[in-house]
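Okay, so here's the structure we're looking at.
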Amino acid sequence: MTIRKIITLPARKLRAVSEPVAAIDEDIKTLAADMLETMYAAPGIGLAAIQVGVAKRLLVVDVVRSEEEPPNPMVIINPEILWKSDEKAVYKEGCLSIPEVAEEIERPSKVRVKYQDLDGKEQEIEADGLLAVCLQHEIDHLNGVLFIDYLSKLKKAMIINKFVKSAKRAKREGKDSGDSAGKEPERSA
Ligand code: GNR
Ligand code: NI
């Protein structure tokens with residue numbers, strides 16, 4: 001297994017709409033294993049394939065974050081939200097692709113999600129609490145949506161600007177700033 005590089009703002013790739021996984025072959029199994037290792041190493045509670053640069057509808061989650069409990073890695077392929085509760089909940093979200101930013105986001109408090117597991121078997125899960133937040137956050141990634149999209153225009157612009165500036169600074173200083181180097185801010189994120 002390999003820890004893969006997580007891409008961060010303002011990488012335009014984060015806005016890609018990911019393609020369905022057509023067949024669960026060795027490449028997909030390796031990708032899933034690498035994503036779990038990358039997520040645990042970060043550490044994070046979820047990771048979408050696009051965050052490691054792969055535009056496929058695959059994500060991993062493990063919201064068990066206590067030392068006492070055993071890990072509960074889940075690999076979720078081609079997820080579809082079947083139902084969202086009318087009831088909403090607010091959670092302070094972060095994203096490994098938007099480091100050092102955390103903002104309160106309101107979403108449906110419960111969701112029902114259909115997906116395929118690593119054996120290609122159809123599964124359904126009803127989630128609440130942190131798992132519901134995480135699944136919605138990750139499924140958004142598959143559609144090129146980031147949690148900052150739910151903030152006010154001004155707040156979102158300030159966050160994007162911070163990352164555009166730091167990428168430009170990194171470029172000036174001759175550092176690797178990912179696939180967004182030299183791109184204009186309006187074309188980023
Ligand atoms: O590790 C993560 N923590 C988190 C906290 C609150 C709401 C969502 C998340 S997901 C995030 C990892 C990530 O960026 N997944 O896409
Ligand atoms: Ni994220």
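Each chain in the structure tokens gets a letter, A, B, ..., in the order shown, and its residues are numbered from 1; ligands are numbered from 1 in order too.
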For this session: Extract the full set of helix (DSSP H, G or I) residues from range 18-164 of chain A according to DSSP on the backbone, and format it as a PyMOL selection string.
Result: chain A and resi 26-41+49-52+129-142+147-150+153-164
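By chain and then residue number, the residues within 7 Å of range 96-109 of chain A are Ile6, Ile7, Thr8, Leu9, Gln51, Lys84, Ser85, Asp86, Glu87, Lys88, Ala89, Val90, Tyr91, Asp128, Gly129 and Ala132 of chain A, counting only C-alpha atoms and disregarding those fewer than 5 positions away in sequence.
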Store the residues of this selection in a file with all heavy atoms, as a CSV table (one decimal), in the first residue's frame.
chain,number,residue,atom,x,y,z
A,6,ILE,N,-2.3,14.1,-1.5
A,6,ILE,CA,-3.7,14.7,-1.5
A,6,ILE,C,-3.6,16.1,-2.2
A,6,ILE,O,-2.8,16.9,-1.8
A,6,ILE,CB,-4.2,14.8,-0.1
A,6,ILE,CG1,-4.4,13.4,0.5
A,6,ILE,CG2,-5.5,15.6,-0.1
A,6,ILE,CD1,-4.9,13.4,2.0
A,7,ILE,N,-4.4,16.3,-3.2
A,7,ILE,CA,-4.4,17.6,-3.9
A,7,ILE,C,-5.2,18.6,-3.1
A,7,ILE,O,-6.2,18.3,-2.5
A,7,ILE,CB,-4.8,17.5,-5.4
A,7,ILE,CG1,-6.2,17.0,-5.5
A,7,ILE,CG2,-3.9,16.6,-6.2
A,7,ILE,CD1,-6.7,17.0,-7.0
A,8,THR,N,-4.7,19.9,-3.1
A,8,THR,CA,-5.4,20.9,-2.3
A,8,THR,C,-5.7,22.1,-3.2
A,8,THR,O,-5.3,22.2,-4.4
A,8,THR,CB,-4.4,21.4,-1.2
A,8,THR,OG1,-3.2,21.9,-1.8
A,8,THR,CG2,-4.1,20.3,-0.2
A,9,LEU,N,-6.6,23.0,-2.7
A,9,LEU,CA,-6.9,24.2,-3.4
A,9,LEU,C,-5.7,24.9,-3.7
A,9,LEU,O,-4.7,24.9,-2.9
A,9,LEU,CB,-7.8,25.1,-2.5
A,9,LEU,CG,-9.3,24.8,-2.4
A,9,LEU,CD1,-10.0,25.9,-1.6
A,9,LEU,CD2,-10.0,24.7,-3.8
A,51,GLN,N,-9.6,13.4,-4.6
A,51,GLN,CA,-8.6,14.1,-3.7
A,51,GLN,C,-7.2,13.6,-3.9
A,51,GLN,O,-6.2,14.2,-3.5
A,51,GLN,CB,-9.0,14.0,-2.2
A,51,GLN,CG,-10.3,14.8,-1.9
A,51,GLN,CD,-10.7,14.7,-0.5
A,51,GLN,OE1,-11.3,13.8,-0.1
A,51,GLN,NE2,-10.3,15.7,0.3
A,84,LYS,N,-32.8,12.1,1.8
A,84,LYS,CA,-32.2,13.0,2.8
A,84,LYS,C,-33.3,13.5,3.7
A,84,LYS,O,-34.5,13.7,3.3
A,84,LYS,CB,-31.7,14.3,2.1
A,84,LYS,CG,-30.7,14.1,1.0
A,84,LYS,CD,-30.4,15.5,0.3
A,84,LYS,CE,-29.5,15.3,-0.8
A,84,LYS,NZ,-29.0,16.5,-1.4
A,85,SER,N,-33.0,13.6,5.0
A,85,SER,CA,-34.0,14.0,6.0
A,85,SER,C,-34.3,15.5,5.8
A,85,SER,O,-33.5,16.3,5.3
A,85,SER,CB,-33.6,13.8,7.4
A,85,SER,OG,-32.4,14.5,7.7
A,86,ASP,N,-35.6,15.9,6.1
A,86,ASP,CA,-35.9,17.3,6.2
A,86,ASP,C,-35.2,18.0,7.3
A,86,ASP,O,-34.8,19.2,7.3
A,86,ASP,CB,-37.4,17.6,6.3
A,86,ASP,CG,-38.1,17.1,5.0
A,86,ASP,OD1,-37.5,17.2,4.0
A,86,ASP,OD2,-39.3,16.6,5.2
A,87,GLU,N,-35.0,17.2,8.4
A,87,GLU,CA,-34.3,17.7,9.6
A,87,GLU,C,-32.8,18.1,9.2
A,87,GLU,O,-32.2,17.3,8.4
A,87,GLU,CB,-34.3,16.7,10.7
A,87,GLU,CG,-33.8,17.1,12.0
A,87,GLU,CD,-33.5,16.0,12.9
A,87,GLU,OE1,-33.7,14.8,12.6
A,87,GLU,OE2,-32.9,16.3,14.0
A,88,LYS,N,-32.3,19.2,9.7
A,88,LYS,CA,-31.0,19.6,9.3
A,88,LYS,C,-30.1,19.6,10.6
A,88,LYS,O,-30.6,19.6,11.7
A,88,LYS,CB,-31.0,21.0,8.8
A,88,LYS,CG,-31.9,21.2,7.5
A,88,LYS,CD,-31.2,20.7,6.3
A,88,LYS,CE,-31.8,21.3,5.0
A,88,LYS,NZ,-33.1,20.7,4.7
A,89,ALA,N,-28.8,19.5,10.4
A,89,ALA,CA,-27.9,19.6,11.5
A,89,ALA,C,-26.7,20.4,11.0
A,89,ALA,O,-26.3,20.4,9.8
A,89,ALA,CB,-27.4,18.2,11.9
A,90,VAL,N,-26.1,21.1,12.0
A,90,VAL,CA,-24.9,21.9,11.7
A,90,VAL,C,-23.6,21.2,12.3
A,90,VAL,O,-23.7,20.7,13.4
A,90,VAL,CB,-25.0,23.3,12.3
A,90,VAL,CG1,-23.7,24.1,12.2
A,90,VAL,CG2,-26.2,24.1,11.7
A,91,TYR,N,-22.6,21.1,11.4
A,91,TYR,CA,-21.3,20.5,11.9
A,91,TYR,C,-20.2,21.4,11.4
A,91,TYR,O,-20.2,21.9,10.3
A,91,TYR,CB,-21.2,19.1,11.4
A,91,TYR,CG,-20.2,18.3,12.1
A,91,TYR,CD1,-20.5,17.6,13.3
A,91,TYR,CD2,-18.9,18.2,11.7
A,91,TYR,CE1,-19.6,16.8,14.0
A,91,TYR,CE2,-17.9,17.5,12.4
A,91,TYR,CZ,-18.3,16.8,13.5
A,91,TYR,OH,-17.4,16.1,14.2
A,128,ASP,N,-26.7,8.7,10.3
A,128,ASP,CA,-26.9,10.0,10.9
A,128,ASP,C,-25.6,10.4,11.6
A,128,ASP,O,-24.6,9.8,11.4
A,128,ASP,CB,-28.1,9.8,12.0
A,128,ASP,CG,-27.7,8.8,13.1
A,128,ASP,OD1,-26.6,8.4,13.1
A,128,ASP,OD2,-28.6,8.5,13.9
A,129,GLY,N,-25.7,11.5,12.3
A,129,GLY,CA,-24.5,12.0,13.0
A,129,GLY,C,-23.3,12.3,12.0
A,129,GLY,O,-23.5,12.7,10.9
A,132,ALA,N,-23.2,10.7,8.5
A,132,ALA,CA,-24.1,11.4,7.5
A,132,ALA,C,-23.4,12.6,7.0
A,132,ALA,O,-23.5,12.9,5.8
A,132,ALA,CB,-25.5,11.7,8.2
Problem set entry | Nearby residues, ligand 1, 7 Å, only C-alpha atoms and all ligand atoms, as JSON, numbers by chain | {"A": [43, 44, 45, 46, 47, 48, 91, 92, 93, 94, 95, 96, 97, 133, 134, 137, 138, 141]}
How would the residues just picked look written out with all heavy atoms as a CSV table (one decimal), in the first residue's frame?
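New file again_9.csv:
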chain,number,residue,atom,x,y,z
A,43,PRO,N,-4.4,12.6,9.6
A,43,PRO,CA,-5.5,11.7,9.5
A,43,PRO,C,-6.8,12.4,9.1
A,43,PRO,O,-6.9,13.6,9.4
A,43,PRO,CB,-5.5,11.2,11.0
A,43,PRO,CG,-5.1,12.4,11.8
A,43,PRO,CD,-4.2,13.3,10.9
A,44,GLY,N,-7.7,11.6,8.5
A,44,GLY,CA,-9.0,12.1,8.2
A,44,GLY,C,-10.0,11.0,8.4
A,44,GLY,O,-9.7,9.9,8.7
A,45,ILE,N,-11.3,11.4,8.3
A,45,ILE,CA,-12.4,10.5,8.5
A,45,ILE,C,-13.1,10.1,7.2
A,45,ILE,O,-14.0,9.2,7.2
A,45,ILE,CB,-13.5,11.1,9.5
A,45,ILE,CG1,-14.1,12.4,8.9
A,45,ILE,CG2,-12.9,11.3,10.8
A,45,ILE,CD1,-15.3,12.8,9.7
A,46,GLY,N,-12.6,10.6,6.1
A,46,GLY,CA,-13.1,10.3,4.8
A,46,GLY,C,-12.2,10.8,3.7
A,46,GLY,O,-11.3,11.7,4.0
A,47,LEU,N,-12.3,10.2,2.5
A,47,LEU,CA,-11.4,10.6,1.4
A,47,LEU,C,-12.1,10.2,0.1
A,47,LEU,O,-12.5,9.0,0.0
A,47,LEU,CB,-10.0,10.0,1.5
A,47,LEU,CG,-9.0,10.6,0.6
A,47,LEU,CD1,-8.6,12.0,1.0
A,47,LEU,CD2,-7.7,9.7,0.6
A,48,ALA,N,-12.2,11.1,-0.8
A,48,ALA,CA,-12.8,10.8,-2.2
A,48,ALA,C,-11.6,10.6,-3.1
A,48,ALA,O,-10.6,11.3,-3.0
A,48,ALA,CB,-13.7,11.9,-2.6
A,91,TYR,N,-22.6,21.1,11.4
A,91,TYR,CA,-21.3,20.5,11.9
A,91,TYR,C,-20.2,21.4,11.4
A,91,TYR,O,-20.2,21.9,10.3
A,91,TYR,CB,-21.2,19.1,11.4
A,91,TYR,CG,-20.2,18.3,12.1
A,91,TYR,CD1,-20.5,17.6,13.3
A,91,TYR,CD2,-18.9,18.2,11.7
A,91,TYR,CE1,-19.6,16.8,14.0
A,91,TYR,CE2,-17.9,17.5,12.4
A,91,TYR,CZ,-18.3,16.8,13.5
A,91,TYR,OH,-17.4,16.1,14.2
A,92,LYS,N,-19.2,21.5,12.2
A,92,LYS,CA,-18.0,22.3,11.8
A,92,LYS,C,-17.1,21.4,10.9
A,92,LYS,O,-16.5,20.5,11.4
A,92,LYS,CB,-17.2,22.8,13.0
A,92,LYS,CG,-16.2,23.9,12.6
A,92,LYS,CD,-15.7,24.6,13.9
A,92,LYS,CE,-15.0,25.9,13.5
A,92,LYS,NZ,-14.8,26.8,14.7
A,93,GLU,N,-17.1,21.6,9.6
A,93,GLU,CA,-16.4,20.8,8.7
A,93,GLU,C,-15.0,21.3,8.3
A,93,GLU,O,-14.8,22.4,8.3
A,93,GLU,CB,-17.3,20.7,7.4
A,93,GLU,CG,-18.6,20.0,7.6
A,93,GLU,CD,-19.3,19.5,6.3
A,93,GLU,OE1,-18.7,19.4,5.3
A,93,GLU,OE2,-20.6,19.4,6.4
A,94,GLY,N,-14.2,20.3,8.0
A,94,GLY,CA,-12.9,20.6,7.4
A,94,GLY,C,-12.7,19.7,6.2
A,94,GLY,O,-13.6,18.9,5.9
A,95,CYS,N,-11.6,19.9,5.5
A,95,CYS,CA,-11.4,19.1,4.3
A,95,CYS,C,-9.9,19.0,4.1
A,95,CYS,O,-9.2,20.0,4.2
A,95,CYS,CB,-12.0,19.8,3.1
A,95,CYS,SG,-11.8,18.8,1.5
A,96,LEU,N,-9.4,17.8,3.8
A,96,LEU,CA,-8.0,17.6,3.6
A,96,LEU,C,-7.5,18.3,2.4
A,96,LEU,O,-6.3,18.6,2.3
A,96,LEU,CB,-7.7,16.1,3.5
A,96,LEU,CG,-7.9,15.3,4.8
A,96,LEU,CD1,-7.9,13.8,4.5
A,96,LEU,CD2,-7.0,15.7,5.9
A,97,SER,N,-8.4,18.7,1.5
A,97,SER,CA,-8.0,19.5,0.3
A,97,SER,C,-8.1,21.0,0.5
A,97,SER,O,-7.8,21.8,-0.4
A,97,SER,CB,-8.9,19.1,-0.9
A,97,SER,OG,-8.6,17.7,-1.2
A,133,VAL,N,-22.8,13.4,7.8
A,133,VAL,CA,-22.0,14.5,7.4
A,133,VAL,C,-20.9,14.1,6.4
A,133,VAL,O,-20.8,14.7,5.3
A,133,VAL,CB,-21.3,15.3,8.6
A,133,VAL,CG1,-20.4,16.4,8.1
A,133,VAL,CG2,-22.4,15.8,9.6
A,134,CYS,N,-20.2,13.1,6.8
A,134,CYS,CA,-19.0,12.7,6.0
A,134,CYS,C,-19.4,12.1,4.7
A,134,CYS,O,-18.8,12.5,3.6
A,134,CYS,CB,-18.3,11.6,6.8
A,134,CYS,SG,-16.7,11.2,6.2
A,137,HIS,N,-20.4,15.0,2.5
A,137,HIS,CA,-19.2,15.8,2.1
A,137,HIS,C,-18.4,15.0,1.0
A,137,HIS,O,-17.9,15.6,0.0
A,137,HIS,CB,-18.3,15.9,3.4
A,137,HIS,CG,-17.0,16.6,3.2
A,137,HIS,ND1,-16.6,17.8,3.8
A,137,HIS,CD2,-15.8,16.1,2.6
A,137,HIS,CE1,-15.4,18.1,3.4
A,137,HIS,NE2,-14.9,17.1,2.7
A,138,GLU,N,-18.3,13.7,1.2
A,138,GLU,CA,-17.5,12.9,0.2
A,138,GLU,C,-18.3,12.8,-1.2
A,138,GLU,O,-17.7,12.9,-2.2
A,138,GLU,CB,-17.2,11.5,0.7
A,138,GLU,CG,-16.4,11.4,2.0
A,138,GLU,CD,-15.2,12.3,2.1
A,138,GLU,OE1,-14.7,12.6,1.0
A,138,GLU,OE2,-14.8,12.7,3.2
A,141,HIS,N,-17.7,15.7,-3.2
A,141,HIS,CA,-16.4,15.7,-3.9
A,141,HIS,C,-16.6,15.0,-5.3
A,141,HIS,O,-15.9,15.4,-6.2
A,141,HIS,CB,-15.4,15.0,-3.1
A,141,HIS,CG,-14.6,15.8,-2.1
A,141,HIS,ND1,-13.9,16.9,-2.4
A,141,HIS,CD2,-14.5,15.6,-0.7
A,141,HIS,CE1,-13.3,17.4,-1.3
A,141,HIS,NE2,-13.7,16.6,-0.3
Exercise. How would you write, as a ChimeraX atom specification, the set of residues in range 67-158 of chain A that DSSP gives as strand (DSSP E or B)?
Worked result: /A:74-84,88-95,98-108,111-116,122-127
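With only C-alpha atoms and all ligand atoms as the basis for measurement, A:Arg15 is the residue among A:Arg15, A:Lys155, A:Lys121, A:Lys110 that approaches ligand 2 most closely.
For the pair CA of Lys56 in chain A and CA of Leu130 in chain A, the interatomic distance is 23.6 Å.
For the choices A:Leu36, A:Val145, A:Ala16, A:Leu118, the atom-to-atom distance to ligand 2 is smallest for A:Val145 when using only C-alpha atoms and all ligand atoms.
The space separating CA of Ile160 in chain A from CA of Ile76 in chain A comes to 28.7 Å.
If you measure from each of A:Leu154, A:Ala41, A:Leu135, A:Ala22 to Asn78 in chain A using only C-alpha atoms, the closest one turns out to be A:Ala22.
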What are the closest atom pairs, with distances in Å to one decimal, for each residue of range 42-118 of chain A lying within 8 Å of range 123-126 of chain A, using only C-alpha atoms, rows by chain and rising residue number, as a Markdown table?
| residue | atom | partner | partner_atom | distance |
| --- | --- | --- | --- | --- |
| A:Lys110 | CA | A:Glu126 | CA | 7.2 |
| A:Val111 | CA | A:Glu126 | CA | 5.8 |
| A:Arg112 | CA | A:Glu126 | CA | 4.3 |
| A:Val113 | CA | A:Ile125 | CA | 5.4 |
| A:Lys114 | CA | A:Glu124 | CA | 4.5 |
| A:Tyr115 | CA | A:Gln123 | CA | 5.3 |
| A:Gln116 | CA | A:Gln123 | CA | 5.7 |
| A:Asp117 | CA | A:Gln123 | CA | 6.8 |
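Using only C-alpha atoms and all ligand atoms for every distance, the candidate list A:Pro79, A:Gly174, A:Pro20, A:Gly144 yields A:Gly144 as the residue closest to ligand 2.
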